[in-house]
>>> print(open('final.cif').read())   # mmCIF, N, CA and C atoms
data_protein
loop_
_atom_site.group_PDB
_atom_site.id
_atom_site.type_symbol
_atom_site.label_atom_id
_atom_site.label_comp_id
_atom_site.auth_asym_id
_atom_site.auth_seq_id
_atom_site.Cartn_x
_atom_site.Cartn_y
_atom_site.Cartn_z
ATOM 1 N N MET A 1 5.757 7.164 4.064
ATOM 2 C CA MET A 1 4.730 6.134 4.125
ATOM 3 C C MET A 1 4.439 5.678 2.702
ATOM 4 N N LYS A 2 4.408 4.384 2.515
ATOM 5 C CA LYS A 2 4.083 3.832 1.198
ATOM 6 C C LYS A 2 2.689 3.220 1.230
ATOM 7 N N ILE A 3 1.855 3.650 0.296
ATOM 8 C CA ILE A 3 0.501 3.123 0.128
ATOM 9 C C ILE A 3 0.482 2.389 -1.210
ATOM 10 N N THR A 4 0.016 1.147 -1.190
ATOM 11 C CA THR A 4 -0.048 0.361 -2.416
ATOM 12 C C THR A 4 -1.491 -0.044 -2.680
ATOM 13 N N VAL A 5 -1.963 0.261 -3.871
ATOM 14 C CA VAL A 5 -3.329 -0.080 -4.279
ATOM 15 C C VAL A 5 -3.254 -1.257 -5.247
ATOM 16 N N CYS A 6 -4.041 -2.287 -4.985
ATOM 17 C CA CYS A 6 -4.101 -3.429 -5.897
ATOM 18 C C CYS A 6 -4.798 -2.995 -7.179
ATOM 19 N N ILE A 7 -4.162 -3.305 -8.300
ATOM 20 C CA ILE A 7 -4.755 -2.989 -9.595
ATOM 21 C C ILE A 7 -4.958 -4.270 -10.412
ATOM 22 N N GLY A 8 -5.002 -5.393 -9.712
ATOM 23 C CA GLY A 8 -5.273 -6.672 -10.369
ATOM 24 C C GLY A 8 -6.695 -6.714 -10.904
ATOM 25 N N SER A 9 -7.038 -7.765 -11.589
ATOM 26 C CA SER A 9 -8.332 -7.873 -12.276
ATOM 27 C C SER A 9 -9.528 -7.651 -11.370
ATOM 28 N N ALA A 10 -9.601 -8.350 -10.238
ATOM 29 C CA ALA A 10 -10.766 -8.235 -9.353
ATOM 30 C C ALA A 10 -10.884 -6.827 -8.779
ATOM 31 N N CYS A 11 -9.780 -6.279 -8.310
ATOM 32 C CA CYS A 11 -9.824 -4.930 -7.736
ATOM 33 C C CYS A 11 -10.086 -3.884 -8.815
ATOM 34 N N HIS A 12 -9.564 -4.113 -10.003
ATOM 35 C CA HIS A 12 -9.836 -3.190 -11.111
ATOM 36 C C HIS A 12 -11.342 -3.122 -11.382
ATOM 37 N N LEU A 13 -11.964 -4.285 -11.421
ATOM 38 C CA LEU A 13 -13.413 -4.324 -11.666
ATOM 39 C C LEU A 13 -14.202 -3.684 -10.529
ATOM 40 N N LYS A 14 -13.628 -3.686 -9.326
ATOM 41 C CA LYS A 14 -14.314 -3.096 -8.171
ATOM 42 C C LYS A 14 -13.981 -1.622 -7.986
ATOM 43 N N GLY A 15 -13.187 -1.041 -8.896
ATOM 44 C CA GLY A 15 -12.973 0.406 -8.873
ATOM 45 C C GLY A 15 -11.626 0.888 -8.384
ATOM 46 N N SER A 16 -10.587 0.101 -8.533
ATOM 47 C CA SER A 16 -9.277 0.532 -8.040
ATOM 48 C C SER A 16 -8.803 1.827 -8.702
ATOM 49 N N GLY A 17 -9.179 2.048 -9.951
ATOM 50 C CA GLY A 17 -8.802 3.295 -10.623
ATOM 51 C C GLY A 17 -9.370 4.518 -9.924
ATOM 52 N N ARG A 18 -10.606 4.414 -9.483
ATOM 53 C CA ARG A 18 -11.238 5.529 -8.763
ATOM 54 C C ARG A 18 -10.587 5.738 -7.403
ATOM 55 N N VAL A 19 -10.179 4.645 -6.754
ATOM 56 C CA VAL A 19 -9.495 4.754 -5.463
ATOM 57 C C VAL A 19 -8.145 5.438 -5.655
ATOM 58 N N VAL A 20 -7.415 5.047 -6.683
ATOM 59 C CA VAL A 20 -6.124 5.691 -6.983
ATOM 60 C C VAL A 20 -6.334 7.182 -7.231
ATOM 61 N N ASP A 21 -7.325 7.536 -8.028
ATOM 62 C CA ASP A 21 -7.612 8.945 -8.306
ATOM 63 C C ASP A 21 -7.915 9.711 -7.021
ATOM 64 N N ALA A 22 -8.737 9.130 -6.159
ATOM 65 C CA ALA A 22 -9.101 9.783 -4.901
ATOM 66 C C ALA A 22 -7.872 9.971 -4.013
ATOM 67 N N LEU A 23 -7.033 8.953 -3.920
ATOM 68 C CA LEU A 23 -5.837 9.068 -3.076
ATOM 69 C C LEU A 23 -4.853 10.087 -3.641
ATOM 70 N N HIS A 24 -4.690 10.128 -4.961
ATOM 71 C CA HIS A 24 -3.843 11.159 -5.584
ATOM 72 C C HIS A 24 -4.345 12.542 -5.205
ATOM 73 N N ARG A 25 -5.647 12.737 -5.322
ATOM 74 C CA ARG A 25 -6.246 14.036 -4.999
ATOM 75 C C ARG A 25 -6.034 14.396 -3.542
ATOM 76 N N LEU A 26 -6.265 13.441 -2.645
ATOM 77 C CA LEU A 26 -6.125 13.699 -1.212
ATOM 78 C C LEU A 26 -4.679 13.982 -0.813
ATOM 79 N N ILE A 27 -3.749 13.290 -1.437
ATOM 80 C CA ILE A 27 -2.330 13.554 -1.167
ATOM 81 C C ILE A 27 -1.982 14.984 -1.566
ATOM 82 N N ALA A 28 -2.442 15.399 -2.742
ATOM 83 C CA ALA A 28 -2.172 16.759 -3.219
ATOM 84 C C ALA A 28 -2.871 17.810 -2.358
ATOM 85 N N GLU A 29 -4.155 17.599 -2.064
ATOM 86 C CA GLU A 29 -4.923 18.565 -1.272
ATOM 87 C C GLU A 29 -4.340 18.779 0.111
ATOM 88 N N ASN A 30 -3.762 17.721 0.672
ATOM 89 C CA ASN A 30 -3.212 17.808 2.024
ATOM 90 C C ASN A 30 -1.717 18.119 2.039
ATOM 91 N N GLY A 31 -1.124 18.306 0.879
ATOM 92 C CA GLY A 31 0.275 18.700 0.789
ATOM 93 C C GLY A 31 1.251 17.710 1.401
ATOM 94 N N VAL A 32 0.961 16.411 1.250
ATOM 95 C CA VAL A 32 1.823 15.397 1.861
ATOM 96 C C VAL A 32 2.551 14.537 0.824
ATOM 97 N N GLY A 33 2.693 15.076 -0.382
ATOM 98 C CA GLY A 33 3.361 14.335 -1.438
ATOM 99 C C GLY A 33 4.802 13.982 -1.120
ATOM 100 N N ASP A 34 5.444 14.763 -0.241
ATOM 101 C CA ASP A 34 6.824 14.472 0.144
ATOM 102 C C ASP A 34 6.910 13.400 1.230
ATOM 103 N N LYS A 35 5.771 13.046 1.821
ATOM 104 C CA LYS A 35 5.744 12.061 2.903
ATOM 105 C C LYS A 35 5.034 10.768 2.532
ATOM 106 N N VAL A 36 4.269 10.800 1.433
ATOM 107 C CA VAL A 36 3.458 9.651 1.046
ATOM 108 C C VAL A 36 3.823 9.227 -0.369
ATOM 109 N N GLU A 37 4.114 7.943 -0.524
ATOM 110 C CA GLU A 37 4.380 7.377 -1.843
ATOM 111 C C GLU A 37 3.208 6.467 -2.200
ATOM 112 N N LEU A 38 2.586 6.736 -3.327
ATOM 113 C CA LEU A 38 1.446 5.943 -3.779
ATOM 114 C C LEU A 38 1.893 5.059 -4.925
ATOM 115 N N GLY A 39 1.639 3.771 -4.795
ATOM 116 C CA GLY A 39 2.036 2.830 -5.827
ATOM 117 C C GLY A 39 0.940 1.831 -6.120
ATOM 118 N N GLY A 40 1.182 1.019 -7.118
ATOM 119 C CA GLY A 40 0.232 -0.015 -7.495
ATOM 120 C C GLY A 40 0.901 -1.373 -7.471
ATOM 121 N N ALA A 41 0.089 -2.398 -7.344
ATOM 122 C CA ALA A 41 0.589 -3.778 -7.364
ATOM 123 C C ALA A 41 -0.482 -4.661 -7.971
ATOM 124 N N PHE A 42 -0.032 -5.680 -8.667
ATOM 125 C CA PHE A 42 -0.997 -6.654 -9.160
ATOM 126 C C PHE A 42 -1.392 -7.547 -8.007
ATOM 127 N N CYS A 43 -2.363 -8.345 -8.160
ATOM 128 C CA CYS A 43 -3.059 -9.103 -7.126
ATOM 129 C C CYS A 43 -2.291 -9.285 -5.818
ATOM 130 N N THR A 44 -2.925 -8.843 -4.740
ATOM 131 C CA THR A 44 -2.349 -9.002 -3.403
ATOM 132 C C THR A 44 -2.889 -10.241 -2.705
ATOM 133 N N GLY A 45 -3.767 -10.981 -3.394
ATOM 134 C CA GLY A 45 -4.291 -12.221 -2.835
ATOM 135 C C GLY A 45 -5.466 -12.064 -1.894
ATOM 136 N N ASN A 46 -6.055 -10.888 -1.862
ATOM 137 C CA ASN A 46 -7.203 -10.622 -0.992
ATOM 138 C C ASN A 46 -8.410 -10.209 -1.821
ATOM 139 N N CYS A 47 -8.644 -10.911 -2.903
ATOM 140 C CA CYS A 47 -9.655 -10.515 -3.892
ATOM 141 C C CYS A 47 -11.060 -10.361 -3.307
ATOM 142 N N GLN A 48 -11.396 -11.141 -2.307
ATOM 143 C CA GLN A 48 -12.735 -11.093 -1.726
ATOM 144 C C GLN A 48 -12.992 -9.808 -0.952
ATOM 145 N N GLN A 49 -11.940 -9.062 -0.616
ATOM 146 C CA GLN A 49 -12.106 -7.873 0.213
ATOM 147 C C GLN A 49 -12.439 -6.610 -0.561
ATOM 148 N N GLY A 50 -12.428 -6.655 -1.857
ATOM 149 C CA GLY A 50 -12.696 -5.439 -2.608
ATOM 150 C C GLY A 50 -11.396 -4.812 -3.041
ATOM 151 N N VAL A 51 -11.365 -3.512 -3.208
ATOM 152 C CA VAL A 51 -10.130 -2.844 -3.602
ATOM 153 C C VAL A 51 -9.193 -2.874 -2.401
ATOM 154 N N CYS A 52 -8.130 -3.635 -2.534
ATOM 155 C CA CYS A 52 -7.183 -3.806 -1.433
ATOM 156 C C CYS A 52 -6.118 -2.723 -1.475
ATOM 157 N N VAL A 53 -5.943 -2.070 -0.351
ATOM 158 C CA VAL A 53 -4.930 -1.040 -0.197
ATOM 159 C C VAL A 53 -4.065 -1.455 0.979
ATOM 160 N N THR A 54 -2.761 -1.456 0.785
ATOM 161 C CA THR A 54 -1.868 -1.852 1.865
ATOM 162 C C THR A 54 -1.001 -0.682 2.303
ATOM 163 N N ILE A 55 -0.792 -0.654 3.606
ATOM 164 C CA ILE A 55 0.180 0.236 4.230
ATOM 165 C C ILE A 55 0.997 -0.670 5.132
ATOM 166 N N GLY A 56 2.258 -0.830 4.799
ATOM 167 C CA GLY A 56 3.081 -1.782 5.535
ATOM 168 C C GLY A 56 2.525 -3.174 5.349
ATOM 169 N N GLU A 57 2.251 -3.846 6.448
ATOM 170 C CA GLU A 57 1.697 -5.199 6.407
ATOM 171 C C GLU A 57 0.177 -5.216 6.511
ATOM 172 N N GLN A 58 -0.446 -4.044 6.760
ATOM 173 C CA GLN A 58 -1.898 -3.983 6.936
ATOM 174 C C GLN A 58 -2.602 -3.866 5.595
ATOM 175 N N VAL A 59 -3.684 -4.631 5.450
ATOM 176 C CA VAL A 59 -4.493 -4.598 4.225
ATOM 177 C C VAL A 59 -5.855 -4.015 4.577
ATOM 178 N N PHE A 60 -6.298 -3.059 3.776
ATOM 179 C CA PHE A 60 -7.574 -2.390 3.981
ATOM 180 C C PHE A 60 -8.432 -2.562 2.735
ATOM 181 N N SER A 61 -9.725 -2.591 2.909
ATOM 182 C CA SER A 61 -10.670 -2.598 1.798
ATOM 183 C C SER A 61 -11.189 -1.169 1.651
ATOM 184 N N VAL A 62 -10.923 -0.561 0.494
ATOM 185 C CA VAL A 62 -11.249 0.850 0.291
ATOM 186 C C VAL A 62 -12.069 0.988 -0.993
ATOM 187 N N THR A 63 -13.037 1.875 -0.974
ATOM 188 C CA THR A 63 -13.786 2.234 -2.174
ATOM 189 C C THR A 63 -13.583 3.729 -2.394
ATOM 190 N N ASP A 64 -14.021 4.225 -3.540
ATOM 191 C CA ASP A 64 -13.910 5.670 -3.745
ATOM 192 C C ASP A 64 -14.771 6.429 -2.733
ATOM 193 N N GLU A 65 -15.841 5.806 -2.242
ATOM 194 C CA GLU A 65 -16.687 6.446 -1.223
ATOM 195 C C GLU A 65 -16.025 6.477 0.157
ATOM 196 N N THR A 66 -15.165 5.519 0.460
ATOM 197 C CA THR A 66 -14.523 5.459 1.779
ATOM 198 C C THR A 66 -13.086 5.967 1.761
ATOM 199 N N ALA A 67 -12.597 6.381 0.598
ATOM 200 C CA ALA A 67 -11.194 6.782 0.467
ATOM 201 C C ALA A 67 -10.840 7.962 1.368
ATOM 202 N N GLU A 68 -11.723 8.941 1.470
ATOM 203 C CA GLU A 68 -11.409 10.117 2.278
ATOM 204 C C GLU A 68 -11.286 9.757 3.759
ATOM 205 N N GLU A 69 -12.198 8.959 4.278
ATOM 206 C CA GLU A 69 -12.133 8.530 5.679
ATOM 207 C C GLU A 69 -10.889 7.673 5.912
ATOM 208 N N PHE A 70 -10.603 6.763 4.988
ATOM 209 C CA PHE A 70 -9.385 5.949 5.066
ATOM 210 C C PHE A 70 -8.157 6.848 5.130
ATOM 211 N N PHE A 71 -8.109 7.853 4.275
ATOM 212 C CA PHE A 71 -6.960 8.750 4.227
ATOM 213 C C PHE A 71 -6.786 9.491 5.554
ATOM 214 N N LYS A 72 -7.882 9.978 6.111
ATOM 215 C CA LYS A 72 -7.812 10.700 7.388
ATOM 216 C C LYS A 72 -7.339 9.800 8.524
ATOM 217 N N THR A 73 -7.936 8.609 8.621
ATOM 218 C CA THR A 73 -7.676 7.756 9.785
ATOM 219 C C THR A 73 -6.404 6.914 9.676
ATOM 220 N N GLN A 74 -6.048 6.530 8.454
ATOM 221 C CA GLN A 74 -4.900 5.627 8.304
ATOM 222 C C GLN A 74 -3.647 6.309 7.773
ATOM 223 N N VAL A 75 -3.811 7.415 7.092
ATOM 224 C CA VAL A 75 -2.650 8.098 6.523
ATOM 225 C C VAL A 75 -2.303 9.338 7.340
ATOM 226 N N LEU A 76 -3.181 10.335 7.323
ATOM 227 C CA LEU A 76 -2.874 11.585 8.029
ATOM 228 C C LEU A 76 -2.612 11.352 9.512
ATOM 229 N N ALA A 77 -3.378 10.496 10.124
ATOM 230 C CA ALA A 77 -3.219 10.248 11.562
ATOM 231 C C ALA A 77 -1.898 9.561 11.897
ATOM 232 N N ASN A 78 -1.240 8.979 10.904
ATOM 233 C CA ASN A 78 -0.009 8.238 11.164
ATOM 234 C C ASN A 78 1.234 8.853 10.534
ATOM 235 N N LEU A 79 1.116 10.062 10.052
ATOM 236 C CA LEU A 79 2.298 10.749 9.491
ATOM 237 C C LEU A 79 3.080 11.448 10.578
#
>>> encode(input="final.cif", output="structure tokens")
Amino acid sequence: MKITVCIGSACHLKGSGRVVDALHRLIAENGVGDKVELGGAFCTGNCQQGVCVTIGEQVFSVTDETAEEFFKTQVLANL
């Protein structure tokens, strides 16, 4: 599974670095580093949504506060 976090200007200002940190931690804590690839991308064109995280064609708005729930429902549940 490939997860891509937008690190463009708008998402950076909204905390994309913290989201990346949280996802790195969750991947390690759950031992799924061999199944999950975490990457970054510049602007995904969804600036109004906050920190944009994509899995496949789906775009999600994630904050460091919602990262754990996102990880459980969208990542772990689909591995």
>>> closest_residue(input="final.cif", among="A:Met1, A:Ala10, A:Gly33, A:Thr66", to="Val51 in chain A", atoms="only N, CA and C atoms")
A:Ala10
>>> residues_near_point(input="final.cif", point="(4.1, 4.2, -5.6)", cutoff="8 Å", atoms="all atoms listed in the file", output="list of chain:residue names")
A:Lys2, A:Ile3, A:Thr4, A:Val5, A:Val36, A:Glu37, A:Leu38, A:Gly39, A:Gly40, A:Ala41
>>> select_by_dssp(input="final.cif", residues="chain A", states="strand (DSSP E or B)", output="VMD selection string")
chain A and resid 2 to 6 37 to 41 52 to 55 58 to 61
>>> resolve_selection(input="final.cif", expression="the PyMOL selection byres (((chain A and resi 21 and name CA) around 12) and name CA)", output="list in words")
Val5, Gly15, Ser16, Gly17, Arg18, Val19, Val20, Ala22, Leu23, His24, Arg25, Leu26, Ile27, Ala28, Leu38, Gly39, Gly40, Thr63, Asp64, Glu65, Ala67 and Glu68 of chain A
>>> write_last_selection(input="final.cif", atoms="N, CA and C atoms", output="short mmCIF file (atom, residue, chain, number, x, y, z; two decimals), in the frame of the given file")
data_model
loop_
_atom_site.label_atom_id
_atom_site.label_comp_id
_atom_site.auth_asym_id
_atom_site.auth_seq_id
_atom_site.Cartn_x
_atom_site.Cartn_y
_atom_site.Cartn_z
N VAL A 5 -1.96 0.26 -3.87
CA VAL A 5 -3.33 -0.08 -4.28
C VAL A 5 -3.25 -1.26 -5.25
N GLY A 15 -13.19 -1.04 -8.90
CA GLY A 15 -12.97 0.41 -8.87
C GLY A 15 -11.63 0.89 -8.38
N SER A 16 -10.59 0.10 -8.53
CA SER A 16 -9.28 0.53 -8.04
C SER A 16 -8.80 1.83 -8.70
N GLY A 17 -9.18 2.05 -9.95
CA GLY A 17 -8.80 3.30 -10.62
C GLY A 17 -9.37 4.52 -9.92
N ARG A 18 -10.61 4.41 -9.48
CA ARG A 18 -11.24 5.53 -8.76
C ARG A 18 -10.59 5.74 -7.40
N VAL A 19 -10.18 4.64 -6.75
CA VAL A 19 -9.49 4.75 -5.46
C VAL A 19 -8.14 5.44 -5.66
N VAL A 20 -7.42 5.05 -6.68
CA VAL A 20 -6.12 5.69 -6.98
C VAL A 20 -6.33 7.18 -7.23
N ALA A 22 -8.74 9.13 -6.16
CA ALA A 22 -9.10 9.78 -4.90
C ALA A 22 -7.87 9.97 -4.01
N LEU A 23 -7.03 8.95 -3.92
CA LEU A 23 -5.84 9.07 -3.08
C LEU A 23 -4.85 10.09 -3.64
N HIS A 24 -4.69 10.13 -4.96
CA HIS A 24 -3.84 11.16 -5.58
C HIS A 24 -4.34 12.54 -5.20
N ARG A 25 -5.65 12.74 -5.32
CA ARG A 25 -6.25 14.04 -5.00
C ARG A 25 -6.03 14.40 -3.54
N LEU A 26 -6.26 13.44 -2.64
CA LEU A 26 -6.12 13.70 -1.21
C LEU A 26 -4.68 13.98 -0.81
N ILE A 27 -3.75 13.29 -1.44
CA ILE A 27 -2.33 13.55 -1.17
C ILE A 27 -1.98 14.98 -1.57
N ALA A 28 -2.44 15.40 -2.74
CA ALA A 28 -2.17 16.76 -3.22
C ALA A 28 -2.87 17.81 -2.36
N LEU A 38 2.59 6.74 -3.33
CA LEU A 38 1.45 5.94 -3.78
C LEU A 38 1.89 5.06 -4.92
N GLY A 39 1.64 3.77 -4.80
CA GLY A 39 2.04 2.83 -5.83
C GLY A 39 0.94 1.83 -6.12
N GLY A 40 1.18 1.02 -7.12
CA GLY A 40 0.23 -0.02 -7.50
C GLY A 40 0.90 -1.37 -7.47
N THR A 63 -13.04 1.88 -0.97
CA THR A 63 -13.79 2.23 -2.17
C THR A 63 -13.58 3.73 -2.39
N ASP A 64 -14.02 4.22 -3.54
CA ASP A 64 -13.91 5.67 -3.74
C ASP A 64 -14.77 6.43 -2.73
N GLU A 65 -15.84 5.81 -2.24
CA GLU A 65 -16.69 6.45 -1.22
C GLU A 65 -16.02 6.48 0.16
N ALA A 67 -12.60 6.38 0.60
CA ALA A 67 -11.19 6.78 0.47
C ALA A 67 -10.84 7.96 1.37
N GLU A 68 -11.72 8.94 1.47
CA GLU A 68 -11.41 10.12 2.28
C GLU A 68 -11.29 9.76 3.76
#
>>> select_by_dssp(input="final.cif", residues="range 32-73 of chain A", states="alpha helix (DSSP H)", output="PyMOL selection string")
chain A and resi 67-70
>>> resolve_selection(input="final.cif", expression="the PyMOL selection byres ((chain A and resi 53) around 6)", output="NGL selection string")
:A and (4-6 or 51-52 or 54-55 or 58-62)
>>> write_last_selection(input="final.cif", atoms="N, CA and C atoms", output="compact mmCIF listing (two decimals), keeping the file's coordinate frame")
# COMPACT_ATOMS: atom_id res chain seq x y z
N THR A 4 0.02 1.15 -1.19
CA THR A 4 -0.05 0.36 -2.42
C THR A 4 -1.49 -0.04 -2.68
N VAL A 5 -1.96 0.26 -3.87
CA VAL A 5 -3.33 -0.08 -4.28
C VAL A 5 -3.25 -1.26 -5.25
N CYS A 6 -4.04 -2.29 -4.99
CA CYS A 6 -4.10 -3.43 -5.90
C CYS A 6 -4.80 -3.00 -7.18
N VAL A 51 -11.36 -3.51 -3.21
CA VAL A 51 -10.13 -2.84 -3.60
C VAL A 51 -9.19 -2.87 -2.40
N CYS A 52 -8.13 -3.64 -2.53
CA CYS A 52 -7.18 -3.81 -1.43
C CYS A 52 -6.12 -2.72 -1.48
N THR A 54 -2.76 -1.46 0.78
CA THR A 54 -1.87 -1.85 1.86
C THR A 54 -1.00 -0.68 2.30
N ILE A 55 -0.79 -0.65 3.61
CA ILE A 55 0.18 0.24 4.23
C ILE A 55 1.00 -0.67 5.13
N GLN A 58 -0.45 -4.04 6.76
CA GLN A 58 -1.90 -3.98 6.94
C GLN A 58 -2.60 -3.87 5.60
N VAL A 59 -3.68 -4.63 5.45
CA VAL A 59 -4.49 -4.60 4.22
C VAL A 59 -5.86 -4.01 4.58
N PHE A 60 -6.30 -3.06 3.78
CA PHE A 60 -7.57 -2.39 3.98
C PHE A 60 -8.43 -2.56 2.74
N SER A 61 -9.72 -2.59 2.91
CA SER A 61 -10.67 -2.60 1.80
C SER A 61 -11.19 -1.17 1.65
N VAL A 62 -10.92 -0.56 0.49
CA VAL A 62 -11.25 0.85 0.29
C VAL A 62 -12.07 0.99 -0.99
>>> closest_residue(input="final.cif", among="A:Asn30, A:Cys11, A:Lys35, A:Leu76", to="Gly50 in chain A", atoms="only C-alpha atoms")
A:Cys11
>>> atom_distance(input="final.cif", atom1="CA of Cys43 in chain A", atom2="CA of Gly8 in chain A")
4.6 Å
>>> atom_distance(input="final.cif", atom1="CA of Ile7 in chain A", atom2="CA of Asp34 in chain A")
23.1 Å
>>> atom_distance(input="final.cif", atom1="CA of Leu79 in chain A", atom2="atom C of Glu29 in chain A")
14.0 Å
>>> residues_near_point(input="final.cif", point="(-10.9, -12.1, -6.5)", cutoff="7 Å", atoms="all atoms listed in the file", output="list in words")
Ser9, Ala10, Cys11, Asn46, Cys47, Gln48 and Gln49 of chain A
>>> axis_aligned_box(input="final.cif", around="range 56-71 of chain A", padding_each_side="6 Å", output="lines of an AutoDock Vina configuration file")
center_x = -6.8
center_y = 2.5
center_z = 1.6
size_x = 31.8
size_y = 27.3
size_z = 22.7
>>> build_atoms(input="final.cif", residues="range 12-26 of chain A", atoms="N, CA, C and O atoms", output="compact mmCIF listing (two decimals), keeping the file's coordinate frame")
# COMPACT_ATOMS: atom_id res chain seq x y z
N HIS A 12 -9.56 -4.11 -10.00
CA HIS A 12 -9.84 -3.19 -11.11
C HIS A 12 -11.34 -3.12 -11.38
O HIS A 12 -11.91 -2.03 -11.53
N LEU A 13 -11.96 -4.28 -11.42
CA LEU A 13 -13.41 -4.32 -11.67
C LEU A 13 -14.20 -3.68 -10.53
O LEU A 13 -15.32 -3.20 -10.74
N LYS A 14 -13.63 -3.69 -9.33
CA LYS A 14 -14.31 -3.10 -8.17
C LYS A 14 -13.98 -1.62 -7.99
O LYS A 14 -14.42 -1.01 -7.02
N GLY A 15 -13.19 -1.04 -8.90
CA GLY A 15 -12.97 0.41 -8.87
C GLY A 15 -11.63 0.89 -8.38
O GLY A 15 -11.52 2.02 -7.88
N SER A 16 -10.59 0.10 -8.53
CA SER A 16 -9.28 0.53 -8.04
C SER A 16 -8.80 1.83 -8.70
O SER A 16 -8.14 2.64 -8.06
N GLY A 17 -9.18 2.05 -9.95
CA GLY A 17 -8.80 3.30 -10.62
C GLY A 17 -9.37 4.52 -9.92
O GLY A 17 -8.69 5.53 -9.77
N ARG A 18 -10.61 4.41 -9.48
CA ARG A 18 -11.24 5.53 -8.76
C ARG A 18 -10.59 5.74 -7.40
O ARG A 18 -10.45 6.87 -6.94
N VAL A 19 -10.18 4.64 -6.75
CA VAL A 19 -9.49 4.75 -5.46
C VAL A 19 -8.14 5.44 -5.66
O VAL A 19 -7.77 6.33 -4.89
N VAL A 20 -7.42 5.05 -6.68
CA VAL A 20 -6.12 5.69 -6.98
C VAL A 20 -6.33 7.18 -7.23
O VAL A 20 -5.60 8.02 -6.69
N ASP A 21 -7.32 7.54 -8.03
CA ASP A 21 -7.61 8.94 -8.31
C ASP A 21 -7.92 9.71 -7.02
O ASP A 21 -7.42 10.83 -6.82
N ALA A 22 -8.74 9.13 -6.16
CA ALA A 22 -9.10 9.78 -4.90
C ALA A 22 -7.87 9.97 -4.01
O ALA A 22 -7.67 11.04 -3.43
N LEU A 23 -7.03 8.95 -3.92
CA LEU A 23 -5.84 9.07 -3.08
C LEU A 23 -4.85 10.09 -3.64
O LEU A 23 -4.27 10.86 -2.88
N HIS A 24 -4.69 10.13 -4.96
CA HIS A 24 -3.84 11.16 -5.58
C HIS A 24 -4.34 12.54 -5.20
O HIS A 24 -3.56 13.42 -4.82
N ARG A 25 -5.65 12.74 -5.32
CA ARG A 25 -6.25 14.04 -5.00
C ARG A 25 -6.03 14.40 -3.54
O ARG A 25 -5.64 15.52 -3.21
N LEU A 26 -6.26 13.44 -2.64
CA LEU A 26 -6.12 13.70 -1.21
C LEU A 26 -4.68 13.98 -0.81
O LEU A 26 -4.42 14.84 0.04
